[in-house]
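These notes concern the structure reproduced below.
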Amino acid sequence: MIRARPLLALALPLALAACAAHQSSAAVAPAAPGFWLGVWHGFIFPVAWIVSLFVPDGAVYAVPNDGGWYDFGFFVGIMFLGAGSHRTRKVYVDRVAYRRVR
């Protein structure tokens, strides 16, 4: 029973990896959306998501696309320009803590 756990821990990620989709490079059209359209689609993601709830043909992600570069642009658009970008504020508090001595 002790040897079954490491095998199960190895088999589970391999089984999940087998479900990953793969796109043939021959299936990508030369005019497929690439990095820059991915950035734009990531930037407008919040609005596109709301529109996709009410419009049947609305989508937040272009399919078919360029593949990895479109995905990276989509990620950049969401994280750095769109919904994930917000200014943070650092708050510094000077506090003196006193401890009672018994």
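Naming works like this for the structure tokens: A, B, ... for the chains as they're shown, residue 1 at the start of each chain, ligands 1 onward in shown order.
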(message) Just want the 12 Å neighbourhood of Val76 in chain A, counted on only C-alpha atoms, with same-chain residues fewer than 2 positions away dropped. Output as a PyMOL selection string.
(response) chain A and resi 35-45+69-74+78-85
(message) If I take CA of Tyr61 in chain A and CA of Phe75 in chain A, how far is one from the other in Å, to one decimal?
(response)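 The value is 11.2 Å.
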